[in-house]
file run30.tsv (TSV, C-alpha atoms)
chain	number	residue	atom	x	y	z
Q	1	TRP	CA	26.46	183.05	32.42
Q	2	TYR	CA	26.54	180.20	34.95
Q	3	GLN	CA	24.98	177.76	32.47
Q	4	ARG	CA	27.45	178.76	29.76
Q	5	ARG	CA	30.28	178.18	32.22
Q	6	VAL	CA	28.94	174.74	33.20
Q	7	HIS	CA	28.37	173.76	29.58
Q	8	GLY	CA	31.84	175.02	28.67
Q	9	LYS	CA	33.37	172.89	31.38
Q	10	GLN	CA	31.42	169.83	30.22
Q	11	TRP	CA	32.51	170.45	26.62
Q	12	TYR	CA	36.14	170.71	27.73
Q	13	GLN	CA	35.89	167.46	29.71
Q	14	ARG	CA	34.39	165.64	26.71
Q	15	ARG	CA	37.18	166.97	24.53
Q	16	VAL	CA	39.90	165.88	26.97
Q	17	HIS	CA	38.34	162.45	27.51
Q	18	GLY	CA	37.84	162.07	23.78
Q	19	LYS	CA	41.51	162.83	23.17
Q	20	GLN	CA	42.59	160.31	25.83
Q	21	TRP	CA	40.25	157.68	24.35
Q	22	TYR	CA	41.70	158.33	20.90
Q	23	GLN	CA	45.27	157.96	22.20
Q	24	ARG	CA	44.43	154.66	23.90
Q	25	ARG	CA	42.73	153.44	20.73
Q	26	VAL	CA	45.68	154.41	18.50
Q	27	HIS	CA	48.25	152.73	20.74
Q	28	GLY	CA	46.03	149.69	21.30
Q	29	LYS	CA	45.45	149.30	17.58
Q	30	GLN	CA	49.17	149.60	16.85
Q	31	TRP	CA	50.02	147.05	19.56
Q	32	TYR	CA	47.37	144.65	18.18
Q	33	GLN	CA	48.61	145.03	14.61
Q	34	ARG	CA	52.20	144.28	15.65
Q	35	ARG	CA	51.08	141.06	17.33
Q	36	VAL	CA	48.82	139.90	14.48
Q	37	HIS	CA	51.32	140.72	11.74
Q	38	GLY	CA	54.12	139.03	13.67
Q	39	ARG	CA	52.14	135.80	14.01
Q	40	MET	CA	51.09	135.97	10.36
Q	41	PHE	CA	54.65	136.32	9.05
Q	42	LYS	CA	55.87	133.50	11.30
Q	43	SER	CA	53.13	131.23	9.93
Q	44	ILE	CA	54.00	132.16	6.34
Q	45	LEU	CA	57.69	131.46	6.89
Q	46	LYS	CA	56.95	128.15	8.59
Q	47	THR	CA	54.61	127.03	5.79
Q	48	GLU	CA	57.04	128.12	3.09
Q	49	THR	CA	59.93	126.24	4.71
Q	50	GLN	CA	57.89	123.07	5.24
Q	51	GLY	CA	56.70	123.12	1.68
Q	52	SER	CA	60.13	123.23	0.07
Q	53	GLY	CA	62.72	120.51	0.30
Q	54	ALA	CA	66.34	121.09	1.19
Q	55	ASP	CA	68.67	121.88	-1.70
Q	56	ASP	CA	72.26	122.91	-2.17
Q	57	ASN	CA	71.42	126.58	-1.65
Q	58	THR	CA	69.64	125.84	1.64
Q	59	THR	CA	72.52	123.69	2.84
Q	60	ALA	CA	75.04	126.37	1.96
Q	61	LYS	CA	72.96	129.01	3.74
Q	62	LEU	CA	72.71	126.88	6.88
Q	63	GLN	CA	76.46	126.27	6.85
Q	64	SER	CA	77.03	130.00	6.47
Q	65	ILE	CA	74.69	130.90	9.36
Q	66	ALA	CA	76.26	128.33	11.67
Q	67	THR	CA	79.82	129.39	10.79
Q	68	ASP	CA	78.94	133.05	11.30
Q	69	ILE	CA	77.42	132.47	14.76
Q	70	LEU	CA	80.24	130.15	15.87
Q	71	GLY	CA	82.80	132.70	14.73
Q	72	LYS	CA	81.21	135.46	16.82
Q	73	LEU	CA	80.84	133.57	20.11
Q	74	PRO	CA	83.77	134.15	22.47
Q	75	ALA	CA	85.45	131.50	24.58
Q	76	GLN	CA	83.66	130.43	27.73
Q	77	PHE	CA	84.30	132.17	31.03
Q	78	ASP	CA	86.98	130.58	33.22
Q	79	ILE	CA	84.83	130.05	36.31
Q	80	GLN	CA	87.64	128.83	38.58
Q	81	ARG	CA	89.84	131.83	37.79
Q	82	ILE	CA	86.93	134.24	38.26
Q	83	GLN	CA	85.94	132.64	41.58
Q	84	ALA	CA	89.49	133.16	42.78
Q	85	LYS	CA	89.36	136.83	41.76
Q	86	TYR	CA	85.85	137.37	43.13
Q	87	PRO	CA	85.46	134.98	46.10
Q	88	GLN	CA	82.26	134.65	48.10
Q	89	ARG	CA	82.10	137.43	50.68
Q	90	TYR	CA	79.46	137.97	53.33
Q	91	GLU	CA	79.46	141.73	52.82
Q	92	ASP	CA	79.23	141.60	49.01
Q	93	SER	CA	76.68	139.25	47.45
Q	94	MET	CA	77.45	140.59	43.97
Q	95	ASN	CA	80.42	138.22	43.66
Q	96	THR	CA	78.05	135.28	43.99
Q	97	VAL	CA	75.60	136.87	41.53
Q	98	LEU	CA	78.42	137.36	39.01
Q	99	VAL	CA	79.63	133.76	39.16
Q	100	GLN	CA	76.10	132.35	38.88
Q	101	GLU	CA	75.38	134.54	35.86
Q	102	LEU	CA	78.57	133.42	34.12
Q	103	GLN	CA	77.71	129.77	34.75
Q	104	ARG	CA	74.33	130.27	33.09
Q	105	PHE	CA	75.85	131.99	30.09
Q	106	ASN	CA	78.47	129.24	29.78
Q	107	LYS	CA	75.69	126.64	29.58
Q	108	LEU	CA	73.87	128.67	26.93
Q	109	THR	CA	76.90	129.27	24.72
Q	110	ALA	CA	77.95	125.62	25.06
Q	111	ARG	CA	74.48	124.55	23.95
Q	112	ILE	CA	74.58	126.89	20.95
Q	113	LYS	CA	78.02	125.68	19.89
Q	114	ASP	CA	77.22	121.98	20.34
Q	115	THR	CA	73.94	122.10	18.38
Q	116	LEU	CA	75.42	124.13	15.52
Q	117	GLU	CA	78.42	121.79	15.25
Q	118	ASP	CA	76.09	118.76	15.21
Q	119	MET	CA	73.96	120.39	12.51
Q	120	LYS	CA	77.01	121.09	10.34
Q	121	LYS	CA	78.03	117.43	10.64
Q	122	ALA	CA	74.49	116.28	9.80
Q	123	LEU	CA	74.42	118.44	6.68
Q	124	VAL	CA	77.42	116.58	5.26
Q	125	GLY	CA	76.24	113.14	6.44
Q	126	LEU	CA	78.65	112.58	9.34
Q	127	VAL	CA	75.81	112.18	11.86
Q	128	VAL	CA	72.10	111.38	11.53
Q	129	MET	CA	69.77	114.32	10.82
Q	130	ASN	CA	67.24	113.66	13.60
Q	131	LYS	CA	63.99	115.52	14.33
Q	132	GLU	CA	65.65	118.01	16.68
Q	133	LEU	CA	68.39	118.95	14.21
Q	134	ASP	CA	65.82	119.24	11.42
Q	135	GLY	CA	63.86	121.65	13.60
Q	136	LEU	CA	67.06	123.58	14.22
Q	137	CYS	CA	67.58	123.94	10.46
Q	138	THR	CA	64.01	125.20	10.00
Q	139	ASP	CA	64.40	127.79	12.77
Q	140	LEU	CA	67.71	129.06	11.38
Q	141	ILE	CA	66.28	129.44	7.86
Q	142	ASN	CA	63.26	131.29	9.29
Q	143	GLY	CA	65.50	133.58	11.34
Q	144	ALA	CA	63.94	132.42	14.62
Q	145	ILE	CA	65.53	131.44	17.93
Q	146	PRO	CA	65.84	127.62	17.78
Q	147	ASN	CA	63.66	125.60	20.13
Q	148	MET	CA	66.74	123.54	21.01
Q	149	TRP	CA	68.11	126.56	22.88
Q	150	ASP	CA	64.96	127.41	24.87
Q	151	ASP	CA	65.77	125.43	28.01
Q	152	TYR	CA	69.21	127.07	28.24
Q	153	SER	CA	68.30	130.62	27.23
Q	154	TYR	CA	66.88	133.70	28.88
Q	155	PRO	CA	63.40	134.80	27.63
Q	156	SER	CA	63.51	136.65	24.32
Q	157	LEU	CA	61.12	137.43	21.47
Q	158	LYS	CA	63.81	138.79	19.17
Q	159	PRO	CA	64.56	137.35	15.73
Q	160	LEU	CA	67.71	135.25	15.47
Q	161	ALA	CA	70.08	137.97	14.27
Q	162	SER	CA	69.00	140.40	17.00
Q	163	TYR	CA	69.14	137.63	19.61
Q	164	ILE	CA	72.75	136.80	18.77
Q	165	GLN	CA	73.69	140.49	18.85
Q	166	ASP	CA	71.94	140.87	22.22
Q	167	LEU	CA	73.74	137.80	23.56
Q	168	LEU	CA	77.12	139.19	22.47
Q	169	LEU	CA	76.36	142.50	24.25
Q	170	ARG	CA	75.48	140.61	27.44
Q	171	LEU	CA	78.69	138.60	27.27
Q	172	GLU	CA	80.64	141.82	26.68
Q	173	PHE	CA	78.98	143.45	29.70
Q	174	PHE	CA	79.99	140.60	32.01
Q	175	GLN	CA	83.48	140.36	30.53
Q	176	ASP	CA	83.96	144.05	31.35
Q	177	TRP	CA	82.73	143.33	34.89
Q	178	VAL	CA	85.25	140.49	35.22
Q	179	ASP	CA	88.11	142.63	33.89
Q	180	ASN	CA	87.35	145.95	35.62
Q	181	ASP	CA	85.22	145.11	38.70
Q	182	LYS	CA	81.60	146.12	39.24
Q	183	PRO	CA	80.30	148.79	36.86
Q	184	THR	CA	79.07	152.15	38.10
Q	185	VAL	CA	75.80	151.64	36.24
Q	186	PHE	CA	74.47	148.10	35.85
Q	187	TRP	CA	72.81	147.04	32.61
Q	188	MET	CA	69.63	145.59	34.10
Q	189	SER	CA	68.61	144.05	30.77
Q	190	GLY	CA	71.81	142.03	30.58
Q	191	PHE	CA	71.14	139.71	33.51
Q	192	PHE	CA	70.08	136.14	32.93
Q	193	PHE	CA	68.28	135.96	36.31
Q	194	THR	CA	67.44	139.56	37.21
Q	195	GLN	CA	65.76	138.61	40.50
Q	196	ALA	CA	69.09	137.33	41.88
Q	197	PHE	CA	70.65	140.72	41.14
Q	198	MET	CA	67.81	142.44	43.04
Q	199	THR	CA	68.11	140.08	46.00
Q	200	GLY	CA	71.90	140.50	46.12
Q	201	THR	CA	71.53	144.28	46.29
Q	202	LEU	CA	69.06	144.03	49.17
Q	203	GLN	CA	71.28	141.53	50.98
Q	204	ASN	CA	74.26	143.87	50.82
Q	205	TYR	CA	72.21	146.65	52.41
Q	206	ALA	CA	70.65	144.42	55.07
Q	207	ARG	CA	73.99	142.93	56.10
Q	208	LYS	CA	75.74	146.31	56.09
Q	209	TYR	CA	73.24	147.85	58.53
Q	210	LYS	CA	72.31	144.59	60.30
Q	211	ILE	CA	68.63	144.84	59.35
Q	212	PRO	CA	66.40	141.83	58.62
Q	213	ILE	CA	66.05	141.64	54.85
Q	214	ASP	CA	62.30	141.10	55.20
Q	215	LEU	CA	62.01	144.68	56.46
Q	216	CYS	CA	63.81	146.13	53.45
Q	217	ASP	CA	62.69	146.99	49.95
Q	218	PHE	CA	63.66	149.30	47.11
Q	219	ASP	CA	62.88	152.96	46.87
Q	220	PHE	CA	63.48	154.60	43.48
Q	221	GLU	CA	64.93	157.80	42.11
Q	222	ILE	CA	65.08	158.84	38.46
Q	223	LEU	CA	68.48	160.31	37.53
Q	224	GLU	CA	68.91	163.21	35.14
Q	225	ASP	CA	72.64	162.72	34.49
Q	226	GLU	CA	74.84	159.64	34.33
Q	227	PRO	CA	76.84	159.24	37.57
Q	228	PHE	CA	80.59	158.69	37.68
Q	229	GLN	CA	80.71	156.94	41.06
Q	230	PRO	CA	78.57	154.11	42.43
Q	231	PRO	CA	76.09	155.05	45.18
Q	232	GLU	CA	76.77	154.52	48.86
Q	233	ASP	CA	73.85	152.08	49.00
Q	234	GLY	CA	71.94	150.37	46.21
Q	235	VAL	CA	72.70	150.37	42.49
Q	236	TYR	CA	72.23	152.49	39.39
Q	237	VAL	CA	70.54	150.63	36.53
Q	238	ARG	CA	69.94	151.33	32.84
Q	239	GLY	CA	68.43	149.60	29.83
Q	240	LEU	CA	64.68	149.76	30.57
Q	241	PHE	CA	61.96	150.80	28.11
Q	242	LEU	CA	58.59	152.36	28.85
Q	243	GLU	CA	55.62	150.93	26.98
Q	244	GLY	CA	52.49	153.06	26.70
Q	245	ALA	CA	53.99	156.21	28.25
Q	246	LYS	CA	57.15	158.30	28.36
Q	247	TRP	CA	59.18	160.16	30.96
Q	248	ASP	CA	58.88	163.95	31.10
Q	249	PRO	CA	62.35	165.23	32.13
Q	250	GLU	CA	61.09	168.76	32.73
Q	251	ARG	CA	58.19	167.95	35.05
Q	252	LYS	CA	59.88	164.74	36.29
Q	253	VAL	CA	56.72	162.66	36.02
Q	254	LEU	CA	55.20	160.11	33.66
Q	255	SER	CA	53.47	161.62	30.66
Q	256	GLU	CA	51.41	160.46	27.71
Q	257	ALA	CA	53.27	158.62	24.97
Q	258	ALA	CA	53.77	160.42	21.68
Q	259	PRO	CA	51.29	159.43	18.95
Q	260	LYS	CA	52.13	156.03	17.41
Q	261	GLU	CA	55.14	155.65	19.72
Q	262	LEU	CA	54.75	152.39	21.64
Q	263	PHE	CA	58.12	152.42	23.39
Q	264	SER	CA	60.42	155.08	24.79
Q	265	PRO	CA	63.74	154.71	26.67
Q	266	CYS	CA	63.56	155.06	30.43
Q	267	PRO	CA	66.17	157.22	32.20
Q	268	LEU	CA	68.70	155.81	34.64
Q	269	ILE	CA	67.14	154.66	37.90
Q	270	TRP	CA	68.70	154.50	41.34
Q	271	LEU	CA	67.47	151.44	43.23
Q	272	LYS	CA	67.78	152.60	46.83
Q	273	PRO	CA	67.37	149.93	49.53
Q	274	ALA	CA	65.71	151.16	52.69
Q	275	LYS	CA	63.44	150.05	55.50
Q	276	VAL	CA	59.86	149.99	54.27
Q	277	VAL	CA	58.66	152.02	57.26
Q	278	ASP	CA	61.00	154.86	56.21
Q	279	PHE	CA	59.53	155.26	52.71
Q	280	GLU	CA	58.06	158.65	51.88
Q	281	GLU	CA	54.62	158.44	50.32
Q	282	VAL	CA	54.53	160.47	47.09
Q	283	PRO	CA	52.13	160.37	44.13
Q	284	HIS	CA	53.35	157.52	41.93
Q	285	TYR	CA	52.46	154.68	39.60
Q	286	ASN	CA	53.46	151.14	40.54
Q	287	CYS	CA	54.92	150.26	37.16
Q	288	PRO	CA	55.46	146.51	36.57
Q	289	VAL	CA	58.76	145.43	35.01
Q	290	TYR	CA	58.78	142.53	32.54
Q	291	LYS	CA	61.64	140.87	30.72
Q	292	ILE	CA	59.72	140.58	27.43
Q	293	SER	CA	56.65	142.27	25.99
Q	294	SER	CA	54.37	139.22	26.15
Q	295	ARG	CA	53.94	140.04	29.87
Q	296	PHE	CA	53.16	136.49	30.90
Q	297	GLY	CA	55.43	133.86	32.35
Q	298	MET	CA	55.55	130.75	34.50
Q	299	LEU	CA	56.60	130.25	38.08
Q	300	SER	CA	60.03	128.62	38.17
Q	301	THR	CA	61.31	126.24	40.84
Q	302	THR	CA	62.75	129.23	42.72
Q	303	GLY	CA	59.26	130.73	43.10
Q	304	HIS	CA	60.01	133.60	40.71
Q	305	SER	CA	58.21	134.34	37.47
Q	306	THR	CA	60.10	133.71	34.25
Q	307	ASN	CA	58.96	137.13	33.02
Q	308	TYR	CA	57.81	139.48	35.80
Q	309	VAL	CA	60.71	141.12	37.65
Q	310	MET	CA	59.41	143.73	40.10
Q	311	ALA	CA	57.33	146.92	40.38
Q	312	ILE	CA	59.05	150.32	40.20
Q	313	ARG	CA	57.32	153.37	41.68
Q	314	LEU	CA	57.47	156.12	39.07
Q	315	PRO	CA	56.43	159.69	40.02
Q	316	SER	CA	53.09	160.63	38.51
Q	317	ASP	CA	50.60	163.49	38.73
Q	318	LYS	CA	47.78	161.20	37.60
Q	319	PRO	CA	46.04	158.37	39.49
Q	320	GLN	CA	47.07	154.73	39.14
Q	321	ASP	CA	43.99	153.86	37.05
Q	322	HIS	CA	45.05	156.36	34.40
Q	323	TRP	CA	48.19	154.36	33.57
Q	324	ILE	CA	46.62	150.95	34.21
Q	325	LEU	CA	44.04	151.63	31.49
Q	326	ARG	CA	46.91	152.39	29.10
Q	327	GLY	CA	48.75	149.21	30.05
Q	328	VAL	CA	51.90	151.10	30.98
Q	329	ALA	CA	54.84	148.86	31.89
Q	330	LEU	CA	58.62	148.73	31.82
Q	331	LEU	CA	60.44	146.19	29.65
Q	332	THR	CA	64.05	145.04	29.91
Q	333	GLN	CA	64.21	144.37	26.16
Q	334	LEU	CA	62.26	145.01	22.98
Q	335	ASP	CA	61.23	142.48	20.33
Q	336	ASP	CA	63.46	143.78	17.54
call {"tool": "encode", "arguments": {"input": "run30.tsv", "output": "structure tokens"}}
result
Amino acid sequence: WYQRRVHGKQWYQRRVHGKQWYQRRVHGKQWYQRRVHGRMFKSILKTETQGSGADDNTTAKLQSIATDILGKLPAQFDIQRIQAKYPQRYEDSMNTVLVQELQRFNKLTARIKDTLEDMKKALVGLVVMNKELDGLCTDLINGAIPNMWDDYSYPSLKPLASYIQDLLLRLEFFQDWVDNDKPTVFWMSGFFFTQAFMTGTLQNYARKYKIPIDLCDFDFEILEDEPFQPPEDGVYVRGLFLEGAKWDPERKVLSEAAPKELFSPCPLIWLKPAKVVDFEEVPHYNCPVYKISSRFGMLSTTGHSTNYVMAIRLPSDKPQDHWILRGVALLTQLDD
């Protein structure tokens, strides 16, 4: 009887481990195929475009794309008026964060408008079609984000149409902030420089309670329902996606991702500033947050990564290694 029990337990463990291995293999294979197929289609489009000369149809299509994008972009933010409405205040760093974000978006939209206007002029012979504008034409035909915008843009792996739609949603989010004051729930994905938003939230808490900011950090709470009032301290955020896992609302812990489901929406999260020494130690997974799915970036002049944002402690009934092996992470935006 004892041997049967031991053998039964071993059989069960092999079955469970086999199932987990299969899930990791399925998700890993799907992730790999997405990457390979994406690179393959980009190469095909690039080769096809380089192999065919420009004709009247191509010129008309480029004019149509440029006119469509220019027609959708709103006017730039009036920084002086907004600074007067939201002046710098010691007790509220969010005013500074808002103005800095709007300045970045103004530079991006100005770059998009200037390059598209120059391209339209080059297509009819009013200005010289240089190498940069020719590259812009190729990117627009391929439906890719133009390289001419990279130095002014936030990181994104989206195709051109999705990128423009995402940009318009970001501009709409900040316009609503300008018109109606700070939102109850912040769209974390909409920030150009997310780290400044995090730092501003910590600064508000540290200055309110006169605590050195070096002693403070974020604690986290997953929300079941959308709040109607902002929290006393910290911020509510939305817009994150879980890769490699999903949130179990019944057990309130991380759980295995559904078969062939790479991404799942993450619930609202309350970023709660507190003194690090006051944190309660609970079983969790230190889930890294990235802006884009490539998961690599470069250190900018501010000392921050261009991709990595922070780590969020998500409740878990499994050890850290369990989720690390699955490559579980949070993303602020998807690739489509």
call {"tool": "residues_around", "arguments": {"input": "run30.tsv", "residues": "Asp139 (chain Q)", "least_positions_apart": "2", "cutoff": "12 Å", "atoms": "all atoms listed in the file", "output": "ChimeraX atom specification"}}
result
/Q:42,45-46,49-50,62,65-66,116,132-137,141-149,159-161
call {"tool": "residues_around", "arguments": {"input": "run30.tsv", "residues": "region 254-257 of chain Q", "least_positions_apart": "3", "cutoff": "7 Å", "atoms": "all atoms listed in the file", "output": "JSON list (two decimals) with C-alpha atoms, in the frame of the given file"}}
result
[["chain", "number", "residue", "atom", "x", "y", "z"],
["Q", 244, "GLY", "CA", 52.49, 153.06, 26.70],
["Q", 245, "ALA", "CA", 53.99, 156.21, 28.25],
["Q", 246, "LYS", "CA", 57.15, 158.30, 28.36],
["Q", 247, "TRP", "CA", 59.18, 160.16, 30.96],
["Q", 248, "ASP", "CA", 58.88, 163.95, 31.10],
["Q", 261, "GLU", "CA", 55.14, 155.65, 19.72],
["Q", 315, "PRO", "CA", 56.43, 159.69, 40.02],
["Q", 316, "SER", "CA", 53.09, 160.63, 38.51]]
call {"tool": "closest_residue", "arguments": {"input": "run30.tsv", "among": "Q:Pro231, Q:Gly125, Q:Pro319, Q:Pro155", "to": "Ser293 (chain Q)", "atoms": "only C-alpha atoms"}}
result
Q:Pro155
call {"tool": "residues_around", "arguments": {"input": "run30.tsv", "residues": "region 119-121 of chain Q", "least_positions_apart": "5", "cutoff": "7 Å", "atoms": "all atoms listed in the file", "output": "PyMOL selection string"}}
result
chain Q and resi 63+126-127+133
call {"tool": "write_last_selection", "arguments": {"input": "run30.tsv", "atoms": "C-alpha atoms", "output": "CSV table (one decimal), in the coordinates of the input"}}
result
chain,number,residue,atom,x,y,z
Q,63,GLN,CA,76.5,126.3,6.8
Q,126,LEU,CA,78.6,112.6,9.3
Q,127,VAL,CA,75.8,112.2,11.9
Q,133,LEU,CA,68.4,119.0,14.2
call {"tool": "closest_residue", "arguments": {"input": "run30.tsv", "among": "Q:Cys216, Q:Ala75, Q:Thr115, Q:Val99", "to": "Asn130 (chain Q)", "atoms": "all atoms listed in the file"}}
result
Q:Thr115
call {"tool": "closest_residue", "arguments": {"input": "run30.tsv", "among": "Q:Asn307, Q:Gln203, Q:Asn286, Q:Ser294", "to": "Ile324 (chain Q)", "atoms": "only C-alpha atoms"}}
result
Q:Asn286
call {"tool": "closest_residue", "arguments": {"input": "run30.tsv", "among": "Q:Val124, Q:Leu271, Q:Ala329, Q:Met298", "to": "Leu202 (chain Q)", "atoms": "all atoms listed in the file"}}
result
Q:Leu271
call {"tool": "atom_distance", "arguments": {"input": "run30.tsv", "atom1": "CA of Ile79 (chain Q)", "atom2": "CA of Gln103 (chain Q)"}}
result
7.3 Å
call {"tool": "atom_distance", "arguments": {"input": "run30.tsv", "atom1": "CA of Asp321 (chain Q)", "atom2": "CA of Val282 (chain Q)"}}
result
16.0 Å
call {"tool": "residues_around", "arguments": {"input": "run30.tsv", "residues": "Val277 (chain Q)", "least_positions_apart": "2", "cutoff": "9 Å", "atoms": "all atoms listed in the file", "output": "compact mmCIF listing (two decimals) with C-alpha atoms, keeping the file's coordinate frame"}}
result
# COMPACT_ATOMS: atom_id res chain seq x y z
CA LEU Q 215 62.01 144.68 56.46
CA CYS Q 216 63.81 146.13 53.45
CA ALA Q 274 65.71 151.16 52.69
CA LYS Q 275 63.44 150.05 55.50
CA PHE Q 279 59.53 155.26 52.71
CA GLU Q 280 58.06 158.65 51.88
call {"tool": "closest_residue", "arguments": {"input": "run30.tsv", "among": "Q:Leu299, Q:Ala196, Q:Ile82, Q:Ile211", "to": "Trp177 (chain Q)", "atoms": "all atoms listed in the file"}}
result
Q:Ile82
call {"tool": "closest_residue", "arguments": {"input": "run30.tsv", "among": "Q:Val235, Q:Val289, Q:Val253, Q:Val178", "to": "Asp317 (chain Q)", "atoms": "only C-alpha atoms"}}
result
Q:Val253
call {"tool": "atom_distance", "arguments": {"input": "run30.tsv", "atom1": "CA of Ile164 (chain Q)", "atom2": "CA of Ile69 (chain Q)"}}
result
7.5 Å
call {"tool": "residues_around", "arguments": {"input": "run30.tsv", "residues": "Thr184 (chain Q)", "least_positions_apart": "4", "cutoff": "9 Å", "atoms": "all atoms listed in the file", "output": "PyMOL selection string"}}
result
chain Q and resi 227-231+235-237
call {"tool": "residues_near_point", "arguments": {"input": "run30.tsv", "point": "(69.2, 155.9, 29.3)", "cutoff": "10 Å", "atoms": "only C-alpha atoms", "output": "MDAnalysis selection string"}}
result
chainID Q and resid 223:226 237:241 264:269
call {"tool": "decode", "arguments": {"input": "run30.tsv", "residues": "region 237-255 of chain Q", "atoms": "N, CA and C atoms", "output": "compact mmCIF listing (two decimals), in the first residue's frame"}}
result
# COMPACT_ATOMS: atom_id res chain seq x y z
N VAL Q 237 -3.85 53.35 -11.23
CA VAL Q 237 -3.38 53.29 -12.61
C VAL Q 237 -4.07 52.15 -13.34
N ARG Q 238 -4.17 52.31 -14.65
CA ARG Q 238 -4.76 51.30 -15.54
C ARG Q 238 -3.92 51.19 -16.79
N GLY Q 239 -4.28 50.23 -17.65
CA GLY Q 239 -3.65 50.14 -18.96
C GLY Q 239 -2.52 49.14 -19.09
N LEU Q 240 -2.25 48.32 -18.05
CA LEU Q 240 -1.16 47.35 -18.12
C LEU Q 240 -1.67 46.00 -18.65
N PHE Q 241 -0.73 45.24 -19.22
CA PHE Q 241 -1.04 43.91 -19.75
C PHE Q 241 -0.07 42.89 -19.17
N LEU Q 242 -0.60 41.75 -18.76
CA LEU Q 242 0.23 40.65 -18.26
C LEU Q 242 0.65 39.76 -19.42
N GLU Q 243 1.93 39.47 -19.50
CA GLU Q 243 2.44 38.53 -20.50
C GLU Q 243 2.91 37.26 -19.80
N GLY Q 244 2.39 36.12 -20.23
CA GLY Q 244 2.80 34.84 -19.67
C GLY Q 244 2.01 34.38 -18.47
N ALA Q 245 1.03 35.15 -18.04
CA ALA Q 245 0.19 34.79 -16.89
C ALA Q 245 -1.09 35.60 -16.97
N LYS Q 246 -1.98 35.36 -16.02
CA LYS Q 246 -3.21 36.15 -15.91
C LYS Q 246 -3.55 36.33 -14.45
N TRP Q 247 -4.45 37.26 -14.18
CA TRP Q 247 -4.88 37.52 -12.81
C TRP Q 247 -6.14 36.73 -12.51
N ASP Q 248 -6.14 36.05 -11.37
CA ASP Q 248 -7.30 35.28 -10.93
C ASP Q 248 -8.12 36.13 -9.97
N PRO Q 249 -9.25 36.70 -10.40
CA PRO Q 249 -10.01 37.61 -9.53
C PRO Q 249 -10.67 36.91 -8.34
N GLU Q 250 -10.87 35.61 -8.43
CA GLU Q 250 -11.49 34.89 -7.33
C GLU Q 250 -10.49 34.61 -6.21
N ARG Q 251 -9.33 34.09 -6.57
CA ARG Q 251 -8.31 33.79 -5.56
C ARG Q 251 -7.40 34.98 -5.28
N LYS Q 252 -7.47 36.00 -6.15
CA LYS Q 252 -6.70 37.23 -6.00
C LYS Q 252 -5.19 36.97 -5.99
N VAL Q 253 -4.77 36.11 -6.93
CA VAL Q 253 -3.35 35.81 -7.10
C VAL Q 253 -3.08 35.63 -8.60
N LEU Q 254 -1.81 35.61 -8.96
CA LEU Q 254 -1.43 35.28 -10.32
C LEU Q 254 -1.79 33.82 -10.61
N SER Q 255 -2.15 33.55 -11.84
CA SER Q 255 -2.44 32.18 -12.24
C SER Q 255 -1.89 31.93 -13.63
